[in-house]
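Undergrad: File name protein.cif; file contents mmCIF, C-alpha atoms; full text below.
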```
data_query
#
loop_
_atom_site.group_PDB
_atom_site.id
_atom_site.type_symbol
_atom_site.label_atom_id
_atom_site.label_comp_id
_atom_site.auth_asym_id
_atom_site.auth_seq_id
_atom_site.Cartn_x
_atom_site.Cartn_y
_atom_site.Cartn_z
ATOM 1 C CA MET F 1 131.169 191.886 -93.107
ATOM 2 C CA LEU F 2 129.014 194.134 -90.941
ATOM 3 C CA THR F 3 127.779 197.392 -92.387
ATOM 4 C CA CYS F 4 128.770 200.629 -90.637
ATOM 5 C CA LYS F 5 125.223 201.007 -89.392
ATOM 6 C CA GLN F 6 125.247 197.530 -87.878
ATOM 7 C CA PHE F 7 128.622 198.248 -86.379
ATOM 8 C CA LEU F 8 127.426 201.448 -84.730
ATOM 9 C CA GLN F 9 124.438 199.668 -83.274
ATOM 10 C CA GLU F 10 126.779 197.236 -81.554
ATOM 11 C CA LEU F 11 129.329 199.861 -80.519
ATOM 12 C CA ASN F 12 128.481 199.552 -76.808
ATOM 13 C CA ASP F 13 129.269 195.838 -76.936
ATOM 14 C CA TYR F 14 132.522 196.592 -78.638
ATOM 15 C CA LEU F 15 133.488 199.023 -75.873
ATOM 16 C CA ASP F 16 132.252 196.767 -73.080
ATOM 17 C CA PRO F 17 135.163 194.781 -71.620
ATOM 18 C CA ASN F 18 132.729 191.973 -70.796
ATOM 19 C CA GLY F 19 131.045 191.961 -74.204
ATOM 20 C CA ASP F 20 130.396 188.729 -76.113
ATOM 21 C CA PRO F 21 133.812 187.636 -77.526
ATOM 22 C CA GLU F 22 132.384 186.290 -80.786
ATOM 23 C CA MET F 23 130.545 189.525 -81.494
ATOM 24 C CA LYS F 24 133.624 191.504 -80.521
ATOM 25 C CA GLN F 25 135.638 189.573 -83.076
ATOM 26 C CA ARG F 26 133.167 190.459 -85.825
ATOM 27 C CA LEU F 27 133.206 194.082 -84.733
ATOM 28 C CA GLN F 28 136.985 194.090 -84.629
ATOM 29 C CA SER F 29 137.247 192.888 -88.213
ATOM 30 C CA HIS F 30 134.952 195.705 -89.305
ATOM 31 C CA VAL F 31 137.112 198.288 -87.531
ATOM 32 C CA THR F 32 140.321 197.078 -89.115
ATOM 33 C CA GLU F 33 138.851 197.593 -92.560
ATOM 34 C CA CYS F 34 136.803 200.734 -92.056
ATOM 35 C CA PRO F 35 138.748 203.937 -91.309
ATOM 36 C CA ASN F 36 135.601 205.896 -90.451
ATOM 37 C CA CYS F 37 134.448 203.416 -87.841
ATOM 38 C CA PHE F 38 137.984 203.225 -86.500
ATOM 39 C CA VAL F 39 137.914 206.961 -85.882
ATOM 40 C CA ILE F 40 134.463 206.757 -84.335
ATOM 41 C CA VAL F 41 135.581 204.026 -81.933
ATOM 42 C CA ASP F 42 138.721 205.908 -81.045
ATOM 43 C CA THR F 43 137.000 209.221 -80.413
ATOM 44 C CA THR F 44 134.153 207.558 -78.502
ATOM 45 C CA LYS F 45 136.723 205.944 -76.214
ATOM 46 C CA LYS F 46 138.362 209.326 -75.724
ATOM 47 C CA THR F 47 134.972 210.887 -75.032
ATOM 48 C CA LEU F 48 134.366 208.397 -72.230
ATOM 49 C CA GLN F 49 137.872 208.930 -70.899
ATOM 50 C CA VAL F 50 137.543 212.693 -70.594
ATOM 51 C CA TYR F 51 134.225 212.328 -68.790
ATOM 52 C CA LYS F 52 135.453 209.642 -66.466
ATOM 53 C CA GLY F 53 138.448 211.779 -65.590
ATOM 54 C CA CYS F 54 136.239 214.537 -64.163
ATOM 55 C CA GLU F 55 136.010 214.654 -60.431
ATOM 56 C CA PRO F 56 132.840 216.327 -59.206
ATOM 57 C CA GLN F 57 133.521 219.891 -58.172
ATOM 58 C CA GLN F 58 133.136 221.098 -54.610
ATOM 59 C CA ILE F 59 129.650 222.020 -53.536
ATOM 60 C CA PRO F 60 129.310 225.766 -52.885
ATOM 61 C CA GLU F 61 129.873 226.473 -49.165
ATOM 62 C CA ASP F 62 126.419 227.932 -48.556
ATOM 63 C CA VAL F 63 124.726 224.943 -50.198
ATOM 64 C CA LYS F 64 126.764 222.595 -48.050
ATOM 65 C CA SER F 65 126.009 224.450 -44.827
ATOM 66 C CA ARG F 66 122.269 224.477 -45.579
ATOM 67 C CA LEU F 67 122.424 220.721 -46.169
ATOM 68 C CA LEU F 68 124.199 220.120 -42.874
ATOM 69 C CA LYS F 69 121.771 222.355 -40.976
ATOM 70 C CA ALA F 70 118.780 220.540 -42.458
ATOM 71 C CA LEU F 71 120.332 217.215 -41.460
ATOM 72 C CA GLU F 72 121.077 218.420 -37.943
ATOM 73 C CA ARG F 73 117.453 219.507 -37.517
ATOM 74 C CA LYS F 74 116.272 216.115 -38.726
ATOM 75 C CA MET F 75 118.658 214.274 -36.422
ATOM 76 C CA ALA F 76 117.655 216.402 -33.442
ATOM 77 C CA ALA F 77 113.977 215.743 -34.167
ATOM 78 C CA ARG F 78 114.675 212.016 -34.325
ATOM 79 C CA LYS F 79 116.486 212.159 -30.991
ATOM 80 C CA ALA F 80 113.623 214.067 -29.390
ATOM 81 C CA GLU F 81 111.162 211.465 -30.680
ATOM 82 C CA GLN F 82 113.150 208.649 -29.195
ATOM 83 C CA ALA F 83 113.672 210.362 -25.840
ATOM 84 C CA MET S 1 135.106 202.278 -19.316
ATOM 85 C CA SER S 2 135.602 200.663 -22.685
ATOM 86 C CA LEU S 3 138.298 198.067 -23.052
ATOM 87 C CA THR S 4 137.990 197.891 -26.807
ATOM 88 C CA PRO S 5 141.435 198.381 -28.279
ATOM 89 C CA THR S 6 141.722 201.407 -30.511
ATOM 90 C CA THR S 7 141.572 200.320 -34.088
ATOM 91 C CA PRO S 8 143.937 201.896 -36.573
ATOM 92 C CA ALA S 9 142.439 204.611 -38.751
ATOM 93 C CA PRO S 10 140.723 202.998 -41.738
ATOM 94 C CA THR S 11 142.723 203.269 -44.910
ATOM 95 C CA GLY S 12 139.783 202.817 -47.268
ATOM 96 C CA PHE S 13 136.197 203.923 -47.190
ATOM 97 C CA ASP S 14 134.036 201.116 -45.818
ATOM 98 C CA GLU S 15 130.523 201.905 -46.934
ATOM 99 C CA SER S 16 128.747 198.949 -45.371
ATOM 100 C CA ALA S 17 130.364 199.475 -41.960
ATOM 101 C CA LEU S 18 129.282 203.129 -41.970
ATOM 102 C CA VAL S 19 125.762 202.171 -43.019
ATOM 103 C CA ALA S 20 125.569 199.637 -40.188
ATOM 104 C CA ARG S 21 126.703 202.246 -37.665
ATOM 105 C CA ALA S 22 124.316 204.843 -39.072
ATOM 106 C CA LYS S 23 121.462 202.356 -38.799
ATOM 107 C CA ALA S 24 122.383 201.781 -35.176
ATOM 108 C CA GLY S 25 121.890 205.509 -34.588
ATOM 109 C CA ASP S 26 125.413 206.857 -35.060
ATOM 110 C CA ALA S 27 124.833 210.351 -36.464
ATOM 111 C CA GLN S 28 128.506 210.870 -37.282
ATOM 112 C CA ALA S 29 128.515 207.739 -39.444
ATOM 113 C CA PHE S 30 125.613 209.101 -41.464
ATOM 114 C CA THR S 31 127.364 212.465 -41.803
ATOM 115 C CA ASP S 32 130.441 210.617 -43.091
ATOM 116 C CA LEU S 33 128.287 208.974 -45.757
ATOM 117 C CA VAL S 34 126.930 212.385 -46.703
ATOM 118 C CA ASN S 35 130.444 213.799 -46.966
ATOM 119 C CA GLN S 36 131.470 210.903 -49.136
ATOM 120 C CA TYR S 37 128.668 211.214 -51.693
ATOM 121 C CA GLU S 38 127.288 214.761 -51.569
ATOM 122 C CA ARG S 39 129.374 216.046 -54.459
ATOM 123 C CA LYS S 40 128.350 213.206 -56.736
ATOM 124 C CA ILE S 41 124.691 213.557 -55.831
ATOM 125 C CA TYR S 42 124.833 217.320 -56.384
ATOM 126 C CA ARG S 43 126.498 216.873 -59.771
ATOM 127 C CA LEU S 44 123.938 214.273 -60.806
ATOM 128 C CA ALA S 45 121.040 216.494 -59.719
ATOM 129 C CA LYS S 46 122.527 219.488 -61.475
ATOM 130 C CA HIS S 47 122.950 217.614 -64.721
ATOM 131 C CA ILE S 48 119.437 216.199 -64.676
ATOM 132 C CA THR S 49 117.599 219.326 -63.525
ATOM 133 C CA GLN S 50 119.936 221.862 -65.195
ATOM 134 C CA ASN S 51 119.160 224.258 -62.400
ATOM 135 C CA ASP S 52 121.177 225.237 -59.296
ATOM 136 C CA GLU S 53 118.212 225.777 -57.024
ATOM 137 C CA ASP S 54 116.570 222.482 -57.970
ATOM 138 C CA ALA S 55 119.886 220.688 -57.541
ATOM 139 C CA GLU S 56 120.217 222.048 -54.016
ATOM 140 C CA ASP S 57 116.688 220.927 -53.147
ATOM 141 C CA VAL S 58 117.379 217.494 -54.591
ATOM 142 C CA LEU S 59 120.606 217.231 -52.608
ATOM 143 C CA GLN S 60 118.806 217.984 -49.351
ATOM 144 C CA GLU S 61 115.780 215.838 -50.047
ATOM 145 C CA THR S 62 117.958 212.896 -51.033
ATOM 146 C CA PHE S 63 119.913 212.813 -47.791
ATOM 147 C CA LEU S 64 116.941 213.684 -45.594
ATOM 148 C CA LYS S 65 114.910 210.882 -47.154
ATOM 149 C CA ALA S 66 117.827 208.482 -46.908
ATOM 150 C CA TYR S 67 118.152 209.306 -43.210
ATOM 151 C CA GLU S 68 114.451 208.981 -42.624
ATOM 152 C CA HIS S 69 114.140 205.644 -44.437
ATOM 153 C CA LEU S 70 117.484 204.157 -43.484
ATOM 154 C CA ASP S 71 115.698 201.317 -41.674
ATOM 155 C CA ASN S 72 114.109 200.293 -44.965
ATOM 156 C CA PHE S 73 117.473 200.020 -46.666
ATOM 157 C CA GLN S 74 118.047 196.280 -46.850
ATOM 158 C CA GLY S 75 121.586 196.252 -48.131
ATOM 159 C CA ASN S 76 120.681 194.237 -51.231
ATOM 160 C CA SER S 77 122.206 196.989 -53.297
ATOM 161 C CA LYS S 78 124.985 199.401 -52.442
ATOM 162 C CA PHE S 79 124.000 202.379 -50.302
ATOM 163 C CA TYR S 80 125.310 204.620 -53.050
ATOM 164 C CA THR S 81 123.025 202.995 -55.647
ATOM 165 C CA TRP S 82 120.117 203.419 -53.268
ATOM 166 C CA ILE S 83 120.690 207.159 -52.791
ATOM 167 C CA VAL S 84 121.290 207.621 -56.509
ATOM 168 C CA ARG S 85 117.841 206.167 -57.076
ATOM 169 C CA ILE S 86 116.331 208.613 -54.575
ATOM 170 C CA ALA S 87 118.211 211.507 -56.207
ATOM 171 C CA VAL S 88 117.062 210.514 -59.705
ATOM 172 C CA ASN S 89 113.437 210.352 -58.574
ATOM 173 C CA GLU S 90 113.661 213.714 -56.859
ATOM 174 C CA SER S 91 115.345 215.260 -59.899
ATOM 175 C CA LEU S 92 112.760 213.922 -62.312
ATOM 176 C CA MET S 93 109.994 215.267 -60.104
ATOM 177 C CA LYS S 94 111.605 218.692 -60.290
ATOM 178 C CA LEU S 95 111.812 218.463 -64.068
ATOM 179 C CA ARG S 96 108.181 217.495 -64.334
ATOM 180 C CA LYS S 97 107.077 220.298 -62.067
ATOM 181 C CA ARG S 98 109.053 222.839 -64.007
ATOM 182 C CA LYS S 99 107.587 221.691 -67.288
ATOM 183 C CA GLY S 100 104.110 222.543 -66.046
ATOM 184 C CA ASP S 101 103.215 219.019 -64.986
ATOM 185 C CA ARG S 102 103.971 217.609 -68.389
ATOM 186 C CA THR S 103 105.387 214.182 -67.769
ATOM 187 C CA VAL S 104 108.967 213.838 -68.855
ATOM 188 C CA PRO S 105 108.783 210.982 -71.333
ATOM 189 C CA LEU S 106 111.480 208.902 -69.726
ATOM 190 C CA ASP S 107 109.602 205.686 -70.280
ATOM 191 C CA GLU S 108 108.619 206.443 -73.842
ATOM 192 C CA PRO S 109 110.291 204.336 -76.506
ATOM 193 C CA VAL S 110 112.952 206.269 -78.342
ATOM 194 C CA ASP S 111 113.738 205.569 -81.924
ATOM 195 C CA THR S 112 116.965 203.675 -81.947
ATOM 196 C CA GLY S 113 119.099 204.832 -84.694
ATOM 197 C CA GLU S 114 117.681 205.429 -88.112
ATOM 198 C CA GLU S 115 120.001 208.372 -88.245
ATOM 199 C CA MET S 116 122.976 207.547 -86.066
ATOM 200 C CA VAL S 117 124.885 210.717 -85.388
ATOM 201 C CA THR S 118 128.088 210.412 -87.342
ATOM 202 C CA ARG S 119 128.514 213.591 -89.244
ATOM 203 C CA GLU S 120 131.811 214.532 -87.626
ATOM 204 C CA ILE S 121 134.435 211.955 -88.376
ATOM 205 C CA ALA S 122 137.824 213.386 -87.569
ATOM 206 C CA VAL S 123 140.648 212.399 -85.291
ATOM 207 C CA TRP S 124 141.298 214.436 -82.186
ATOM 208 C CA ASP S 125 144.272 216.409 -81.109
ATOM 209 C CA ASP S 126 146.666 214.185 -79.241
ATOM 210 C CA ASN S 127 146.169 216.270 -76.140
ATOM 211 C CA PRO S 128 143.021 218.349 -76.326
ATOM 212 C CA GLU S 129 143.469 218.894 -72.604
ATOM 213 C CA GLN S 130 146.508 221.011 -73.356
ATOM 214 C CA ARG S 131 144.716 223.252 -75.798
ATOM 215 C CA TYR S 132 142.164 224.301 -73.191
ATOM 216 C CA SER S 133 142.344 225.200 -69.522
ATOM 217 C CA ARG S 134 140.707 222.891 -66.988
ATOM 218 C CA GLU S 135 137.796 225.301 -66.625
ATOM 219 C CA GLU S 136 137.323 225.454 -70.384
ATOM 220 C CA ILE S 137 137.349 221.664 -70.664
ATOM 221 C CA GLN S 138 134.821 221.448 -67.844
ATOM 222 C CA GLU S 139 132.588 223.924 -69.627
ATOM 223 C CA ILE S 140 132.865 222.065 -72.934
ATOM 224 C CA LEU S 141 131.959 218.767 -71.248
ATOM 225 C CA ASP S 142 129.072 220.270 -69.297
ATOM 226 C CA ASN S 143 127.655 222.036 -72.340
ATOM 227 C CA ALA S 144 127.821 218.834 -74.355
ATOM 228 C CA VAL S 145 125.886 216.898 -71.705
ATOM 229 C CA GLU S 146 123.367 219.699 -71.273
ATOM 230 C CA GLY S 147 122.654 219.581 -74.986
ATOM 231 C CA LEU S 148 121.389 216.005 -74.715
ATOM 232 C CA LYS S 149 117.718 215.206 -74.293
ATOM 233 C CA PRO S 150 116.866 214.474 -70.633
ATOM 234 C CA ASP S 151 116.373 210.743 -71.188
ATOM 235 C CA PHE S 152 119.751 210.350 -72.881
ATOM 236 C CA ARG S 153 121.467 212.679 -70.427
ATOM 237 C CA THR S 154 120.191 210.802 -67.403
ATOM 238 C CA VAL S 155 121.228 207.395 -68.701
ATOM 239 C CA PHE S 156 124.676 208.694 -69.642
ATOM 240 C CA MET S 157 125.167 210.240 -66.192
ATOM 241 C CA LEU S 158 124.180 207.055 -64.403
ATOM 242 C CA ARG S 159 126.093 204.604 -66.584
ATOM 243 C CA ASP S 160 129.224 206.459 -67.572
ATOM 244 C CA ILE S 161 129.705 209.043 -64.845
ATOM 245 C CA GLU S 162 128.204 207.422 -61.749
ATOM 246 C CA GLU S 163 129.203 204.001 -63.069
ATOM 247 C CA LEU S 164 126.013 202.166 -62.260
ATOM 248 C CA SER S 165 125.517 198.878 -64.115
ATOM 249 C CA THR S 166 122.980 198.578 -66.920
ATOM 250 C CA GLU S 167 120.665 196.706 -64.548
ATOM 251 C CA GLU S 168 120.996 199.291 -61.764
ATOM 252 C CA THR S 169 120.340 202.101 -64.228
ATOM 253 C CA ALA S 170 117.247 200.345 -65.566
ATOM 254 C CA GLU S 171 115.999 199.904 -62.022
ATOM 255 C CA ALA S 172 116.755 203.481 -60.980
ATOM 256 C CA LEU S 173 114.862 204.883 -63.964
ATOM 257 C CA GLY S 174 112.103 202.301 -64.162
ATOM 258 C CA ILE S 175 112.912 201.509 -67.791
ATOM 259 C CA SER S 176 113.899 198.294 -69.576
ATOM 260 C CA ILE S 177 117.465 197.102 -70.066
ATOM 261 C CA PRO S 178 117.265 197.443 -73.900
ATOM 262 C CA ALA S 179 116.054 201.031 -73.380
ATOM 263 C CA VAL S 180 119.087 201.767 -71.195
ATOM 264 C CA LYS S 181 121.393 200.292 -73.815
ATOM 265 C CA SER S 182 119.936 202.165 -76.749
ATOM 266 C CA ARG S 183 119.844 205.475 -74.864
ATOM 267 C CA LEU S 184 123.415 205.038 -73.735
ATOM 268 C CA LEU S 185 124.509 204.402 -77.299
ATOM 269 C CA ARG S 186 122.729 207.473 -78.596
ATOM 270 C CA ALA S 187 124.098 209.598 -75.776
ATOM 271 C CA ARG S 188 127.674 208.418 -76.295
ATOM 272 C CA LEU S 189 127.528 209.011 -80.031
ATOM 273 C CA ALA S 190 125.974 212.425 -79.625
ATOM 274 C CA LEU S 191 128.626 213.464 -77.098
ATOM 275 C CA ARG S 192 131.391 212.114 -79.292
ATOM 276 C CA GLU S 193 130.017 214.216 -82.102
ATOM 277 C CA LYS S 194 129.848 217.366 -80.001
ATOM 278 C CA LEU S 195 133.319 216.915 -78.549
ATOM 279 C CA THR S 196 134.807 216.164 -81.943
ATOM 280 C CA ARG S 197 133.737 219.619 -83.070
ATOM 281 C CA GLN S 198 135.874 221.044 -80.263
ATOM 282 C CA PHE S 199 138.758 218.638 -80.125
ATOM 283 C CA LYS S 200 139.384 217.656 -83.741
ATOM 284 C CA ARG S 201 142.887 218.040 -85.017
ATOM 285 C CA LYS S 202 143.365 221.330 -86.789
ATOM 286 C CA GLY S 203 144.742 221.399 -90.307
ATOM 287 C CA GLU S 204 144.693 219.111 -93.297
ATOM 288 C CA ASP S 205 145.969 215.932 -91.781
ATOM 289 C CA VAL S 206 142.881 214.866 -89.863
ATOM 290 C CA PHE S 207 143.438 211.269 -90.907
ATOM 291 C CA ALA S 208 147.177 211.473 -90.467
ATOM 292 C CA TYR S 209 147.435 208.644 -87.992
ATOM 293 C CA LEU S 210 145.580 206.071 -90.052
#
```
Take the structure in the file and give it back as structure tokens.
TA:
Amino acid sequence: MLTCKQFLQELNDYLDPNGDPEMKQRLQSHVTECPNCFVIVDTTKKTLQVYKGCEPQQIPEDVKSRLLKALERKMAARKAEQA
Amino acid sequence: MSLTPTTPAPTGFDESALVARAKAGDAQAFTDLVNQYERKIYRLAKHITQNDEDAEDVLQETFLKAYEHLDNFQGNSKFYTWIVRIAVNESLMKLRKRKGDRTVPLDEPVDTGEEMVTREIAVWDDNPEQRYSREEIQEILDNAVEGLKPDFRTVFMLRDIEELSTEETAEALGISIPAVKSRLLRARLALREKLTRQFKRKGEDVFAYL
């Protein structure tokens, strides 16, 4: 059986839906027998879930308007070049 | 007079069609691309630079450079991946400048796990989201990411938040694939540890569901 340290080193593979099936099987058998690693897997999954659930917040209005102005200047300069 | 029939409004966001129109000189198409991705680019820049002013500069530079070099964009990768790469480079330059020209050691080998972070082993509340307001959760998540070293933070942002592949992340950062993997692992474990401190089930029965 894998040690906890070995298990943790392969944790990404365990969480990766496309991970190597044979390795996943070995990792799975460790998890079923090791309560600590079970909790680590579970809370790591939850960690990823909470982060993935975050939509980026709105950009502050003034930041957005400065971005658009800078772009407009650039686009106008490009147009003038081509004319 | 154009005889082209009016096409129905697009239901999804078609990145490659917008890029093609932008390349052909359609300014509105480029602005649509900006609108689509600006929040993600700003978030990425903010997390890497940890500074509002730098993040704003990065946001501008990224889209100005993308506009300027649009002709060089070959379409081998997604447009989004391409601008993420520009944003990462701009952000890292800001970090380096701020640290008095000391190079941020993004390409330095990191030790991969003599002491894996596993001090906090406790189950979480079933619904930590209900214990905190949305703003509080956001703050907890942001603080946890900010506490990571820049090389772990950046890899985590690209892989788990921006959802780039391992290969794309390696390319964007100019590091090897094993380096991406080991940094991602360290980042995930460190975040898990930090969040567990906030979200662990209160009371005696921390292992109750085993």
Undergrad: Distance table requested - chain F against chain S, cut-off 7 Å, only C-alpha atoms: one row per qualifying residue with the closest atom pair and its distance in Å to one decimal, ordered by chain and rising residue number, as CSV.
TA:
```
residue,atom,partner,partner_atom,distance
F:Asn12,CA,S:Leu185,CA,6.3
F:Asn36,CA,S:Ile121,CA,6.5
F:Val39,CA,S:Val123,CA,6.1
F:Ile40,CA,S:Ile121,CA,6.6
F:Thr43,CA,S:Arg192,CA,6.4
F:Thr44,CA,S:Arg192,CA,5.4
F:Thr47,CA,S:Arg192,CA,5.7
F:Tyr51,CA,S:Ile161,CA,6.8
F:Lys52,CA,S:Ile161,CA,6.0
F:Pro56,CA,S:Arg39,CA,5.9
F:Gln57,CA,S:Arg39,CA,6.8
F:Gln58,CA,S:Arg39,CA,6.3
F:Ile59,CA,S:Arg39,CA,6.1
F:Val63,CA,S:Glu56,CA,6.6
F:Leu67,CA,S:Gln60,CA,5.5
F:Leu71,CA,S:Leu64,CA,6.4
```
Undergrad: Anything within 12 Å of (114.6, 204.2, -64.8): list those residues as a ChimeraX atom specification, counting all atoms listed in the file and sticking to the file's coordinates.
TA: /S:84-89,92,104-108,151-152,154-155,158-159,164,166-181,183
Undergrad: Which protein, DNA or RNA residues have an atom at most 7 Å from (115.4, 221.7, -62.3), counting all atoms listed in the file? List them as a count of residues only.
TA: 9
Undergrad: Taking the file as shown, what set of residues would the PyMOL selection byres ((chain S and resi 14-23) around 8) give back, as a list in words?
TA: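 This file, filtered by the PyMOL selection byres ((chain S and resi 14-23) around 8), leaves Gly12, Phe13, Ala24, Gly25, Asp26, Ala27, Gln28, Ala29, Phe30, Asp32, Leu33, Leu70, Asp71 and Phe79 of chain S.
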Undergrad: Write out as a list in words each polymer residue whose atoms come within 12 Å of Glu33 in chain F, counting all atoms listed in the file; drop sequence neighbours fewer than 6 positions from it.
TA: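 Residues near the query, excluding close chain neighbours: Met1, Leu2, Thr3, Cys4, Phe7, Arg26, Leu27 and Val39 of chain F; Leu210 of chain S.
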Undergrad: Could you state the separation of CA of Pro17 in chain F and CA of Arg153 in chain S in Å, given to one decimal place?
TA: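 Between these atoms lies a distance of 22.6 Å.
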Undergrad: Between CA of Val58 in chain S and CA of Ile140 in chain S, measure the distance and give it in Å to one decimal.
TA: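 Spanning CA of Val58 in chain S to CA of Ile140 in chain S is a straight-line distance of 24.4 Å.
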Undergrad: Which value, in Å to one decimal, gives the distance between CA of Leu8 in chain F and CA of His30 in chain F?
TA: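 Interatomic distance here is 10.5 Å.
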